[in-house]
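Source file: target28.cif (mmCIF, C-alpha atoms)
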```cif
data_protein
#
loop_
_atom_site.group_PDB
_atom_site.id
_atom_site.type_symbol
_atom_site.label_atom_id
_atom_site.label_comp_id
_atom_site.auth_asym_id
_atom_site.auth_seq_id
_atom_site.Cartn_x
_atom_site.Cartn_y
_atom_site.Cartn_z
ATOM 1 C CA THR T 56 50.019 -31.320 12.764
ATOM 2 C CA GLY T 57 49.937 -29.155 15.884
ATOM 3 C CA ARG T 58 47.764 -31.675 17.800
ATOM 4 C CA PRO T 59 49.924 -31.922 20.943
ATOM 5 C CA CYS T 60 50.014 -28.158 21.371
ATOM 6 C CA ALA T 61 46.332 -27.795 20.700
ATOM 7 C CA VAL T 62 45.557 -30.237 23.499
ATOM 8 C CA ARG T 63 48.241 -29.455 26.064
ATOM 9 C CA THR T 64 48.670 -25.694 26.097
ATOM 10 C CA SER T 65 50.455 -25.508 29.459
ATOM 11 C CA THR T 66 53.242 -27.671 28.076
ATOM 12 C CA CYS T 67 53.520 -25.461 24.997
ATOM 13 C CA ARG T 68 53.903 -22.350 27.126
ATOM 14 C CA SER T 69 56.816 -23.980 28.914
ATOM 15 C CA PHE T 70 58.643 -24.305 25.572
ATOM 16 C CA VAL T 71 60.288 -20.970 26.425
ATOM 17 C CA THR T 72 62.830 -23.151 28.228
ATOM 18 C CA ILE T 73 64.190 -24.446 24.928
ATOM 19 C CA SER T 74 63.853 -21.077 23.198
ATOM 20 C CA SER T 75 65.824 -19.369 25.939
ATOM 21 C CA ALA T 76 68.522 -22.038 25.851
ATOM 22 C CA LEU T 77 69.096 -21.534 22.139
ATOM 23 C CA CYS T 78 69.141 -17.756 22.441
ATOM 24 C CA LEU T 79 71.732 -17.929 25.182
ATOM 25 C CA PHE T 80 73.668 -20.500 23.166
ATOM 26 C CA LEU T 81 73.848 -18.078 20.231
ATOM 27 C CA GLY T 82 75.649 -15.602 22.442
ATOM 28 C CA ILE T 83 78.380 -17.922 23.730
ATOM 29 C CA PRO T 84 80.954 -17.338 20.958
ATOM 30 C CA GLN T 85 80.505 -13.565 21.050
ATOM 31 C CA SER T 86 82.990 -13.377 23.904
ATOM 32 C CA SER T 87 85.624 -14.921 21.653
ATOM 33 C CA ILE T 88 84.700 -12.623 18.776
ATOM 34 C CA ARG T 89 85.068 -9.522 20.935
ATOM 35 C CA LEU T 90 88.512 -10.688 22.032
ATOM 36 C CA LYS T 91 89.800 -10.190 18.494
ATOM 37 C CA SER T 92 89.648 -6.407 18.805
ATOM 38 C CA HIS T 93 91.780 -6.608 21.955
ATOM 39 C CA THR T 94 94.636 -8.620 20.491
ATOM 40 C CA SER T 95 95.343 -6.682 17.313
ATOM 41 C CA GLY T 96 98.206 -4.720 18.877
ATOM 42 C CA ARG T 97 96.512 -1.393 18.153
ATOM 43 C CA ILE T 98 94.012 0.752 19.979
ATOM 44 C CA THR T 99 92.708 -1.453 22.742
ATOM 45 C CA PHE T 100 95.825 -3.448 23.426
ATOM 46 C CA GLN T 101 99.204 -2.139 22.405
ATOM 47 C CA GLY T 102 102.708 -3.212 23.250
ATOM 48 C CA ALA T 103 103.208 -6.397 21.244
ATOM 49 C CA ASP T 104 104.209 -4.823 17.930
ATOM 50 C CA GLN T 105 107.958 -5.309 18.393
ATOM 51 C CA SER T 106 107.768 -8.736 20.041
ATOM 52 C CA ALA T 107 107.958 -12.158 18.464
ATOM 53 C CA PHE T 108 104.938 -13.515 20.339
ATOM 54 C CA ASN T 109 102.079 -12.067 22.324
ATOM 55 C CA ILE T 110 100.386 -14.268 24.956
ATOM 56 C CA TRP T 111 97.142 -13.164 26.584
ATOM 57 C CA THR T 112 94.398 -14.424 28.858
ATOM 58 C CA SER T 113 90.924 -13.051 29.473
ATOM 59 C CA GLY T 114 88.047 -13.717 31.859
ATOM 60 C CA SER T 115 84.500 -12.373 31.759
ATOM 61 C CA VAL T 116 81.309 -12.442 33.813
ATOM 62 C CA SER T 117 77.935 -11.147 32.611
ATOM 63 C CA PHE T 118 74.413 -11.163 33.993
ATOM 64 C CA GLY T 119 71.010 -9.710 33.209
ATOM 65 C CA ASN T 120 67.500 -10.340 31.942
ATOM 66 C CA GLU T 121 66.400 -11.487 28.523
ATOM 67 C CA SER T 122 63.073 -11.838 26.742
ATOM 68 C CA TYR T 123 62.522 -13.297 23.278
ATOM 69 C CA GLY T 124 59.754 -13.099 20.733
ATOM 70 C CA ASP T 125 56.339 -12.598 22.338
ATOM 71 C CA GLN T 126 57.331 -13.929 25.762
ATOM 72 C CA ASN T 127 55.945 -11.906 28.646
ATOM 73 C CA ALA T 128 58.362 -13.272 31.246
ATOM 74 C CA ARG T 129 61.936 -12.017 31.405
ATOM 75 C CA ASN T 130 64.466 -14.772 31.913
ATOM 76 C CA LYS T 131 67.380 -14.188 34.297
ATOM 77 C CA PHE T 132 70.788 -15.339 33.112
ATOM 78 C CA SER T 133 74.448 -15.338 34.085
ATOM 79 C CA SER T 134 77.490 -16.429 32.114
ATOM 80 C CA SER T 135 81.245 -16.604 32.474
ATOM 81 C CA GLY T 136 84.197 -17.393 30.252
ATOM 82 C CA LEU T 137 87.930 -17.924 30.375
ATOM 83 C CA TYR T 138 90.134 -17.568 27.277
ATOM 84 C CA ALA T 139 93.828 -17.862 26.421
ATOM 85 C CA GLY T 140 95.568 -17.053 23.164
ATOM 86 C CA VAL T 141 98.816 -16.374 21.372
ATOM 87 C CA ASP T 142 99.538 -14.308 18.249
ATOM 88 C CA THR T 143 102.521 -13.180 16.206
ATOM 89 C CA ASP T 144 103.560 -11.482 12.953
ATOM 90 C CA LEU T 145 103.030 -13.908 10.068
ATOM 91 C CA ILE T 146 104.281 -11.751 7.203
ATOM 92 C CA ARG T 147 104.604 -8.023 6.610
ATOM 93 C CA ALA T 148 101.383 -6.217 7.658
ATOM 94 C CA LEU T 149 99.693 -9.485 8.685
ATOM 95 C CA LYS T 150 99.307 -10.875 12.220
ATOM 96 C CA GLY T 151 97.708 -14.150 13.176
ATOM 97 C CA GLY T 152 96.870 -16.085 16.294
ATOM 98 C CA PHE T 153 94.969 -18.866 18.008
ATOM 99 C CA VAL T 154 92.668 -18.790 21.048
ATOM 100 C CA VAL T 155 90.932 -21.470 23.132
ATOM 101 C CA GLY T 156 88.124 -20.842 25.579
ATOM 102 C CA LEU T 157 85.761 -22.361 28.123
ATOM 103 C CA SER T 158 82.324 -20.826 28.746
ATOM 104 C CA SER T 159 79.431 -21.593 31.055
ATOM 105 C CA SER T 160 75.974 -20.108 31.413
ATOM 106 C CA ALA T 161 72.812 -20.484 33.457
ATOM 107 C CA THR T 162 69.318 -19.243 32.578
ATOM 108 C CA HIS T 163 66.344 -19.276 34.947
ATOM 109 C CA VAL T 164 63.175 -19.364 32.849
ATOM 110 C CA GLY T 165 60.052 -17.811 34.333
ATOM 111 C CA LEU T 166 59.090 -18.343 37.956
ATOM 112 C CA ASN T 167 58.356 -22.065 38.082
ATOM 113 C CA GLY T 168 61.910 -23.403 38.427
ATOM 114 C CA SER T 169 62.712 -24.145 34.780
ATOM 115 C CA LYS T 170 66.425 -23.772 34.153
ATOM 116 C CA ASN T 171 69.069 -24.264 31.459
ATOM 117 C CA ASP T 172 72.784 -24.772 32.164
ATOM 118 C CA GLY T 173 75.112 -24.449 29.185
ATOM 119 C CA ARG T 174 78.768 -25.354 28.641
ATOM 120 C CA ALA T 175 81.020 -24.647 25.668
ATOM 121 C CA ALA T 176 84.640 -25.339 24.683
ATOM 122 C CA THR T 177 85.839 -23.323 21.689
ATOM 123 C CA ALA T 178 88.937 -22.953 19.524
ATOM 124 C CA SER T 179 89.435 -20.055 17.103
ATOM 125 C CA ALA T 180 91.999 -18.740 14.645
ATOM 126 C CA TYR T 181 92.201 -15.006 13.967
ATOM 127 C CA ALA T 182 94.157 -12.587 11.789
ATOM 128 C CA SER T 183 94.646 -8.833 11.392
ATOM 129 C CA TRP T 184 95.676 -7.316 8.054
ATOM 130 C CA HIS T 185 97.102 -3.780 7.950
ATOM 131 C CA VAL T 186 95.758 -2.844 4.521
ATOM 132 C CA LEU T 187 96.702 0.873 4.438
ATOM 133 C CA ASP T 188 98.106 3.453 6.857
ATOM 134 C CA HIS T 189 94.908 3.590 8.942
ATOM 135 C CA LEU T 190 92.812 0.765 7.509
ATOM 136 C CA PHE T 191 92.672 -2.708 9.083
ATOM 137 C CA VAL T 192 90.749 -5.892 8.316
ATOM 138 C CA ASP T 193 90.268 -8.331 11.216
ATOM 139 C CA THR T 194 88.794 -11.795 10.871
ATOM 140 C CA LEU T 195 88.074 -14.752 13.154
ATOM 141 C CA LEU T 196 86.842 -18.295 12.547
ATOM 142 C CA GLY T 197 86.097 -20.795 15.291
ATOM 143 C CA TYR T 198 84.505 -24.100 16.231
ATOM 144 C CA GLY T 199 83.038 -25.253 19.527
ATOM 145 C CA ASP T 200 81.435 -28.186 21.326
ATOM 146 C CA ILE T 201 78.416 -27.290 23.449
ATOM 147 C CA SER T 202 76.115 -29.048 25.892
ATOM 148 C CA PHE T 203 72.902 -28.027 27.638
ATOM 149 C CA LYS T 204 71.491 -29.504 30.820
ATOM 150 C CA LEU T 205 67.766 -28.720 30.694
ATOM 151 C CA ARG T 206 65.089 -28.727 33.382
ATOM 152 C CA ARG T 207 61.525 -27.900 32.295
ATOM 153 C CA TYR T 208 58.515 -27.613 34.588
ATOM 154 C CA ASP T 209 55.386 -29.235 33.149
ATOM 155 C CA GLY T 210 52.111 -27.854 34.490
ATOM 156 C CA ASN T 211 50.053 -30.856 33.392
ATOM 157 C CA SER T 212 51.996 -33.358 35.493
ATOM 158 C CA ALA T 213 53.096 -30.777 38.122
ATOM 159 C CA ALA T 214 56.614 -32.205 37.752
ATOM 160 C CA PHE T 215 59.959 -31.411 36.175
ATOM 161 C CA MET T 216 61.307 -32.903 32.952
ATOM 162 C CA SER T 217 65.083 -33.178 32.543
ATOM 163 C CA ALA T 218 67.453 -33.808 29.659
ATOM 164 C CA THR T 219 70.962 -33.250 28.335
ATOM 165 C CA ARG T 220 71.460 -31.924 24.805
ATOM 166 C CA PRO T 221 74.913 -31.846 23.162
ATOM 167 C CA GLY T 222 75.813 -30.080 19.962
ATOM 168 C CA SER T 223 78.426 -28.151 18.017
ATOM 169 C CA MET T 224 78.827 -24.704 16.483
ATOM 170 C CA LEU T 225 80.804 -22.876 13.805
ATOM 171 C CA PHE T 226 81.203 -19.116 14.153
ATOM 172 C CA GLY T 227 83.122 -16.256 12.609
ATOM 173 C CA SER T 228 83.538 -12.525 12.328
ATOM 174 C CA THR T 229 85.023 -10.012 9.873
ATOM 175 C CA ALA T 230 85.613 -6.372 10.819
ATOM 176 C CA LEU T 231 86.829 -3.302 8.925
ATOM 177 C CA SER T 232 88.238 -0.453 11.051
ATOM 178 C CA TYR T 233 89.876 2.910 10.421
ATOM 179 C CA ASP T 234 92.338 3.687 13.225
ATOM 180 C CA MET T 235 93.189 7.315 13.977
ATOM 181 C CA ARG T 236 95.065 9.340 16.578
ATOM 182 C CA ALA T 237 94.869 12.910 17.879
ATOM 183 C CA GLY T 238 97.559 13.464 20.511
ATOM 184 C CA ALA T 239 96.856 11.155 23.454
ATOM 185 C CA LEU T 240 93.470 10.157 22.007
ATOM 186 C CA ARG T 241 93.174 7.115 19.784
ATOM 187 C CA TYR T 242 89.908 6.071 18.180
ATOM 188 C CA ALA T 243 88.564 3.829 15.442
ATOM 189 C CA PRO T 244 85.137 3.603 13.812
ATOM 190 C CA TYR T 245 84.398 0.077 12.596
ATOM 191 C CA VAL T 246 81.857 -2.166 10.914
ATOM 192 C CA ARG T 247 81.618 -5.891 11.584
ATOM 193 C CA LEU T 248 79.719 -8.902 10.278
ATOM 194 C CA ASP T 249 79.198 -11.915 12.575
ATOM 195 C CA PHE T 250 77.754 -15.336 11.903
ATOM 196 C CA ILE T 251 77.059 -18.535 13.791
ATOM 197 C CA SER T 252 75.760 -21.898 12.654
ATOM 198 C CA ALA T 253 74.896 -24.496 15.258
ATOM 199 C CA SER T 254 73.660 -28.063 15.347
ATOM 200 C CA LEU T 255 71.889 -29.486 18.413
ATOM 201 C CA ASN T 256 71.357 -33.234 18.682
ATOM 202 C CA ALA T 257 67.967 -34.899 19.056
ATOM 203 C CA TYR T 258 67.026 -35.884 22.605
ATOM 204 C CA GLU T 259 64.245 -37.228 24.843
ATOM 205 C CA GLU T 260 63.081 -35.802 28.158
ATOM 206 C CA GLN T 261 63.118 -37.876 31.323
ATOM 207 C CA GLY T 262 60.132 -37.577 33.640
ATOM 208 C CA ALA T 263 56.383 -38.259 33.652
ATOM 209 C CA ALA T 264 55.976 -40.579 30.654
ATOM 210 C CA ASP T 265 52.604 -39.199 29.527
ATOM 211 C CA TRP T 266 53.997 -35.663 29.182
ATOM 212 C CA ALA T 267 57.662 -36.173 28.269
ATOM 213 C CA LEU T 268 58.721 -34.761 24.897
ATOM 214 C CA VAL T 269 60.992 -35.946 22.085
ATOM 215 C CA TYR T 270 62.926 -33.253 20.222
ATOM 216 C CA SER T 271 64.362 -33.723 16.737
ATOM 217 C CA LYS T 272 67.790 -32.525 15.646
ATOM 218 C CA LEU T 273 67.927 -28.757 15.243
ATOM 219 C CA VAL T 274 70.135 -26.601 13.016
ATOM 220 C CA VAL T 275 70.058 -22.873 13.682
ATOM 221 C CA SER T 276 72.021 -19.967 12.234
ATOM 222 C CA SER T 277 72.243 -16.241 12.762
ATOM 223 C CA GLN T 278 74.012 -13.310 11.112
ATOM 224 C CA GLY T 279 74.514 -9.867 12.577
ATOM 225 C CA ALA T 280 75.772 -6.476 11.388
ATOM 226 C CA VAL T 281 77.538 -4.108 13.797
ATOM 227 C CA LEU T 282 78.468 -0.426 13.531
ATOM 228 C CA GLY T 283 80.689 0.874 16.317
ATOM 229 C CA LEU T 284 83.329 3.214 17.675
ATOM 230 C CA ARG T 285 86.110 2.323 20.121
ATOM 231 C CA GLY T 286 88.927 4.378 21.570
ATOM 232 C CA GLN T 287 91.256 5.167 24.431
ATOM 233 C CA TYR T 288 92.927 8.192 26.028
ATOM 234 C CA ASP T 289 96.483 7.674 27.283
ATOM 235 C CA PHE T 290 98.120 9.109 30.386
ATOM 236 C CA ALA T 291 101.909 8.775 30.550
ATOM 237 C CA LYS T 292 103.245 7.509 33.903
ATOM 238 C CA ASP T 293 106.697 6.758 35.273
ATOM 239 C CA TRP T 294 105.957 3.037 35.128
ATOM 240 C CA GLY T 295 104.209 3.016 31.732
ATOM 241 C CA VAL T 296 100.858 4.156 30.330
ATOM 242 C CA LEU T 297 97.439 4.309 31.996
ATOM 243 C CA SER T 298 94.484 4.567 29.592
ATOM 244 C CA LEU T 299 90.757 5.150 29.757
ATOM 245 C CA THR T 300 88.975 2.998 27.181
ATOM 246 C CA GLY T 301 85.479 3.126 25.760
ATOM 247 C CA ARG T 302 83.353 1.597 23.047
ATOM 248 C CA ALA T 303 79.834 1.848 21.702
ATOM 249 C CA GLU T 304 78.179 -0.248 19.020
ATOM 250 C CA VAL T 305 74.801 -0.790 17.419
ATOM 251 C CA ARG T 306 73.922 -4.330 16.400
ATOM 252 C CA HIS T 307 71.210 -5.501 14.015
ATOM 253 C CA VAL T 308 70.499 -9.205 13.655
ATOM 254 C CA LEU T 309 69.902 -10.108 10.020
ATOM 255 C CA ASN T 310 68.700 -13.648 10.713
ATOM 256 C CA GLY T 311 68.132 -15.751 13.780
ATOM 257 C CA TYR T 312 65.237 -18.129 13.309
ATOM 258 C CA ALA T 313 64.802 -21.900 13.526
ATOM 259 C CA THR T 314 62.032 -24.482 13.694
ATOM 260 C CA GLN T 315 62.123 -27.179 16.378
ATOM 261 C CA ARG T 316 60.001 -30.246 15.638
ATOM 262 C CA LEU T 317 58.820 -32.359 18.567
ATOM 263 C CA THR T 318 56.407 -35.060 19.662
ATOM 264 C CA TYR T 319 55.201 -36.644 22.879
ATOM 265 C CA GLN T 320 56.842 -39.961 23.740
ATOM 266 C CA VAL T 321 53.404 -41.577 24.040
ATOM 267 C CA ASP T 322 52.258 -40.139 20.690
ATOM 268 C CA PRO T 323 55.168 -40.256 18.221
ATOM 269 C CA VAL T 324 52.899 -39.870 15.175
ATOM 270 C CA SER T 325 51.539 -36.396 15.916
ATOM 271 C CA THR T 326 54.157 -33.652 15.647
ATOM 272 C CA SER T 327 54.388 -29.968 16.487
ATOM 273 C CA ALA T 328 56.669 -27.226 15.218
ATOM 274 C CA LEU T 329 58.068 -24.617 17.592
ATOM 275 C CA GLN T 330 59.280 -21.379 16.036
ATOM 276 C CA ILE T 331 62.420 -20.132 17.776
ATOM 277 C CA SER T 332 63.923 -16.669 17.353
ATOM 278 C CA GLY T 333 67.592 -16.189 18.221
ATOM 279 C CA GLU T 334 67.083 -12.439 18.486
ATOM 280 C CA THR T 335 64.652 -10.188 16.660
ATOM 281 C CA ARG T 336 65.639 -6.651 17.587
ATOM 282 C CA ASN T 337 68.344 -4.047 17.494
ATOM 283 C CA GLY T 338 70.642 -3.510 20.461
ATOM 284 C CA VAL T 339 73.113 -0.921 21.668
ATOM 285 C CA THR T 340 76.173 -2.032 23.625
ATOM 286 C CA SER T 341 78.469 0.395 25.435
ATOM 287 C CA GLY T 342 81.516 -0.168 27.597
ATOM 288 C CA ILE T 343 84.031 1.777 29.650
ATOM 289 C CA GLY T 344 87.293 0.491 31.044
ATOM 290 C CA LEU T 345 90.751 1.071 32.405
ATOM 291 C CA LYS T 346 93.928 -0.272 30.797
ATOM 292 C CA ALA T 347 97.483 -0.306 32.137
ATOM 293 C CA ALA T 348 100.630 -1.044 30.107
ATOM 294 C CA GLY T 349 103.998 -1.292 31.822
ATOM 295 C CA GLY T 350 107.454 -2.610 31.110
ATOM 296 C CA ALA T 351 108.457 -6.133 30.079
ATOM 297 C CA GLY T 352 105.498 -6.343 27.662
ATOM 298 C CA LEU T 353 102.879 -6.523 30.418
ATOM 299 C CA SER T 354 99.442 -4.945 30.097
ATOM 300 C CA GLY T 355 95.956 -5.475 31.465
ATOM 301 C CA LEU T 356 92.384 -4.302 30.970
ATOM 302 C CA PHE T 357 89.250 -4.130 33.107
ATOM 303 C CA GLU T 358 85.934 -3.178 31.463
ATOM 304 C CA TYR T 359 82.264 -2.769 32.385
ATOM 305 C CA SER T 360 79.663 -3.028 29.611
ATOM 306 C CA ASN T 361 75.892 -3.144 29.173
ATOM 307 C CA THR T 362 73.409 -3.782 26.397
ATOM 308 C CA LEU T 363 70.155 -1.906 25.823
ATOM 309 C CA THR T 364 67.241 -2.970 23.625
ATOM 310 C CA ALA T 365 63.764 -1.591 23.044
ATOM 311 C CA MET T 366 62.717 -3.487 26.190
ATOM 312 C CA GLY T 367 65.282 -1.689 28.355
ATOM 313 C CA LEU T 368 68.500 -2.874 29.986
ATOM 314 C CA GLN T 369 69.068 -6.419 28.779
ATOM 315 C CA SER T 370 72.442 -7.352 30.232
ATOM 316 C CA GLN T 371 75.498 -6.121 32.110
ATOM 317 C CA GLY T 372 78.981 -7.559 32.293
ATOM 318 C CA ILE T 373 82.542 -7.144 33.485
ATOM 319 C CA ARG T 374 85.664 -8.398 31.774
ATOM 320 C CA GLY T 375 89.314 -8.571 32.756
ATOM 321 C CA MET T 376 92.293 -9.248 30.470
ATOM 322 C CA PHE T 377 96.014 -9.837 30.932
ATOM 323 C CA ASN T 378 98.551 -9.498 28.111
ATOM 324 C CA LEU T 379 102.230 -10.575 27.926
ATOM 325 C CA ALA T 380 104.513 -9.892 24.947
ATOM 326 C CA PHE T 381 107.894 -11.586 24.619
#
```

Any chance you could give the structure as structure tokens?
Amino acid sequence: TGRPCAVRTSTCRSFVTISSALCLFLGIPQSSIRLKSHTSGRITFQGADQSAFNIWTSGSVSFGNESYGDQNARNKFSSSGLYAGVDTDLIRALKGGFVVGLSSSATHVGLNGSKNDGRAATASAYASWHVLDHLFVDTLLGYGDISFKLRRYDGNSAAFMSATRPGSMLFGSTALSYDMRAGALRYAPYVRLDFISASLNAYEEQGAADWALVYSKLVVSSQGAVLGLRGQYDFAKDWGVLSLTGRAEVRHVLNGYATQRLTYQVDPVSTSALQISGETRNGVTSGIGLKAAGGAGLSGLFEYSNTLTAMGLQSQGIRGMFNLAF
């Protein structure tokens, strides 16, 4: 009916806490999706083509500011992840693998002390199909358990509300790339479709009883389309190959909306609906890195990346990766 929001506007404004948590949550599996392009044995990571198995690990740290919908405040966030995987040749022209990961994130919402801490454990299967001489199809499908520890400042009671919200997610990605080479330069334009579907359990806030909220179960999904270009330039060394890497991609979110229904604990009859947007704008992500590949199937990568939107610089991140073929 909208009655709680009509009466208690300060509480409604603090709903950005939940909105921000979901938006950050939508980005958690993207780290796993991006790993697929680095384990295909081609442009970004090479050296496993003649080996039975390829084992790799990756770690990432990102930080920045985010704003969603019509929010005026920019929310500060940081996130980190650690991943490990193995892949091999399944049949002629087809590789496959499996990756597990742990991710954590923290978002500070506004200036009043509201905060969201997120955790995720994911498992994904991926495959790369060499369709033609230069044409590849890469796909990934994964599942994860997630949990948010929420702290929301309520202006009416001048106190904090706290809660823990578990959930689960299903995510995937399919990419089509055309890999080319000109001397020491390798490059590949690509298109990619991503999706995520998540379910967050119902929960109740703990705090001042007159102002504590009850949230219903929430299902949210998002699909994105990406157009990009990645490449590397190789320098031959006595010990192996040193490469400069780079990538740039434009992302457009096709869908990313959900409706969260909630009530006050003291008034369970009257309900409100909160419209949540996972992301409602285009973004441009670019990255530059350094890769080294030596003997015994060893290679590694270090990369810096950032994302720009119409509101300016949204996030920055660094990622390191270690690869072993045997």

request  = Would you mind telling me which residue in T:Gly173, T:Gly349, T:Gly286, T:Gly227 lies nearest to Asp200 (chain T) when using all atoms listed in the file?
outcome  =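 Smallest distance to Asp200 (chain T) is found for T:Gly173.
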
Give as a PDB file with C-alpha atoms, keeping the file's coordinate frame the set of residues within 9 Å of the point (86.0, -16.2, 30.2), where distances use the file's coordinates and all atoms listed in the file.
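See part_39.pdb below for the written result:
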```pdb
ATOM      1  CA  SER T  86      82.990 -13.377  23.904  1.00  0.00           C
ATOM      2  CA  SER T  87      85.624 -14.921  21.653  1.00  0.00           C
ATOM      3  CA  THR T 112      94.398 -14.424  28.858  1.00  0.00           C
ATOM      4  CA  SER T 113      90.924 -13.051  29.473  1.00  0.00           C
ATOM      5  CA  GLY T 114      88.047 -13.717  31.859  1.00  0.00           C
ATOM      6  CA  SER T 115      84.500 -12.373  31.759  1.00  0.00           C
ATOM      7  CA  VAL T 116      81.309 -12.442  33.813  1.00  0.00           C
ATOM      8  CA  SER T 134      77.490 -16.429  32.114  1.00  0.00           C
ATOM      9  CA  SER T 135      81.245 -16.604  32.474  1.00  0.00           C
ATOM     10  CA  GLY T 136      84.197 -17.393  30.252  1.00  0.00           C
ATOM     11  CA  LEU T 137      87.930 -17.924  30.375  1.00  0.00           C
ATOM     12  CA  TYR T 138      90.134 -17.568  27.277  1.00  0.00           C
ATOM     13  CA  ALA T 139      93.828 -17.862  26.421  1.00  0.00           C
ATOM     14  CA  GLY T 156      88.124 -20.842  25.579  1.00  0.00           C
ATOM     15  CA  LEU T 157      85.761 -22.361  28.123  1.00  0.00           C
ATOM     16  CA  SER T 158      82.324 -20.826  28.746  1.00  0.00           C
ATOM     17  CA  SER T 159      79.431 -21.593  31.055  1.00  0.00           C
ATOM     18  CA  ARG T 374      85.664  -8.398  31.774  1.00  0.00           C
ATOM     19  CA  GLY T 375      89.314  -8.571  32.756  1.00  0.00           C
TER      20      GLY T 375
END
```

query = Using the chain letters and numbers from the file, which residues does the PyMOL selection byres ((chain T and resi 338) around 7) grab, as a ChimeraX atom specification?
reply = /T:305-307,336-337,339-340,362-364

Could you dump the residues just selected with C-alpha atoms as a compact mmCIF listing (two decimals), in the frame of the given file?
```txt
# COMPACT_ATOMS: atom_id res chain seq x y z
CA VAL T 305 74.80 -0.79 17.42
CA ARG T 306 73.92 -4.33 16.40
CA HIS T 307 71.21 -5.50 14.02
CA ARG T 336 65.64 -6.65 17.59
CA ASN T 337 68.34 -4.05 17.49
CA VAL T 339 73.11 -0.92 21.67
CA THR T 340 76.17 -2.03 23.62
CA THR T 362 73.41 -3.78 26.40
CA LEU T 363 70.16 -1.91 25.82
CA THR T 364 67.24 -2.97 23.62
```

request  = Take CA of Phe357 (chain T) and CA of Met235 (chain T) and report the distance between them in Å, one decimal.
outcome  = 22.6 Å

task = Could you give me, as number ranges by chain, the residues that sit within 10 Å of (71.2, -21.2, 33.6) in the file's coordinates, counting only C-alpha atoms?
result = T: 75-76, 79, 130-134, 159-164, 169-174, 203-206

query = Could you name the residues that touch region 259-271 of chain T at 6 Å or less, counting all atoms listed in the file, but leaving out those on the same chain fewer than 2 positions away, as a list in words?
reply =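 Final neighbour list, sorted by chain and number: Met216, Ser217, Ala218, Ala257, Arg316, Leu317, Thr318, Tyr319 and Gln320 of chain T.
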
request  = Work out how far apart CA of Thr300 (chain T) and CA of Met366 (chain T) are and give it in Å to one decimal.
outcome  =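 It comes out at 27.1 Å.
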
request  = Quick one: everything within 6 Å of Tyr181 (chain T), counting all atoms listed in the file, minus sequence neighbours fewer than 6 positions away in the same chain. Send it as a list in words.
outcome  =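 Here the answer would be Gly151, Gly152, Thr194 and Leu195 of chain T.
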
task = Using the chain letters and numbering of this document, enumerate as JSON, numbers by chain the residues selected by the PyMOL selection byres ((chain T and resi 308) around 6).
result = {"T": [278, 279, 307, 309, 310]}

message = Report, in Å to a single decimal, how far apart CA of Gln287 (chain T) and CA of Ala351 (chain T) are.
response = 21.3 Å

query = Residues picked by the PyMOL selection byres ((chain T and resi 208) around 7) here, as a list of chain:residue names?
reply =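 What the PyMOL selection byres ((chain T and resi 208) around 7) grabs from the file is T:Ser69, T:Asn167, T:Gly168, T:Ser169, T:Arg206, T:Arg207, T:Asp209, T:Gly210, T:Ala214, T:Phe215, T:Met216.
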
query = Neighbours of Leu190 (chain T) within 9 Å (all atoms listed in the file; same-chain residues fewer than 6 positions away dropped), as a PyMOL selection string?
reply = chain T and resi 184+231-234

Nearest residue to His189 (chain T) from the set T:Leu368, T:Val141, T:Ala148, T:Leu282 (distances using all atoms listed in the file) = T:Ala148

message = Env of Leu297 (chain T): 6 Å cut, atoms = all atoms listed in the file, seq-sep filter 5 positions within chain, self excluded. Answer as number ranges by chain.
response = T: 289-290, 346-347

Now that the selection is made, can you save its residues with C-alpha atoms as a short mmCIF file (atom, residue, chain, number, x, y, z; two decimals), keeping the file's coordinate frame?
```cif
data_model
loop_
_atom_site.label_atom_id
_atom_site.label_comp_id
_atom_site.auth_asym_id
_atom_site.auth_seq_id
_atom_site.Cartn_x
_atom_site.Cartn_y
_atom_site.Cartn_z
CA ASP T 289 96.48 7.67 27.28
CA PHE T 290 98.12 9.11 30.39
CA LYS T 346 93.93 -0.27 30.80
CA ALA T 347 97.48 -0.31 32.14
#
```

Around region 291-296 of chain T, with edges along x, y and z and 5 Å added on all six sides, what centre and edge lengths do you get, in Å to one decimal, as JSON?
```
{"center_x": 103.8, "center_y": 5.9, "center_z": 32.8, "size_x": 15.8, "size_y": 15.8, "size_z": 14.9}
```

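Proximity ranking of T:Ala253, T:Thr143, T:Asn120, T:Val155 relative to Phe108 (chain T) places T:Thr143 first, based on all atoms listed in the file.
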
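Each of T:Leu273, T:Leu345, T:Leu379, T:Leu299 was compared to Ala328 (chain T) using only C-alpha atoms, and T:Leu273 turns out to be the nearest.
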
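Residue nearest Ser183 (chain T) within the list T:Lys292, T:Lys150, T:Trp111, T:Gly197: T:Lys150 [criterion: smallest interatomic distance, all atoms listed in the file].
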
Residues near Ile251 (chain T), cut-off 6 Å, all atoms listed in the file, skip fewer than 6 positions along chain, as a PDB file with C-alpha atoms, in the coordinates of the input:
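What landed in part-v6.pdb:
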```
ATOM      1  CA  LEU T 225      80.804 -22.876  13.805  1.00  0.00           C
ATOM      2  CA  PHE T 226      81.203 -19.116  14.153  1.00  0.00           C
ATOM      3  CA  SER T 276      72.021 -19.967  12.234  1.00  0.00           C
ATOM      4  CA  SER T 277      72.243 -16.241  12.762  1.00  0.00           C
TER       5      SER T 277
END
```
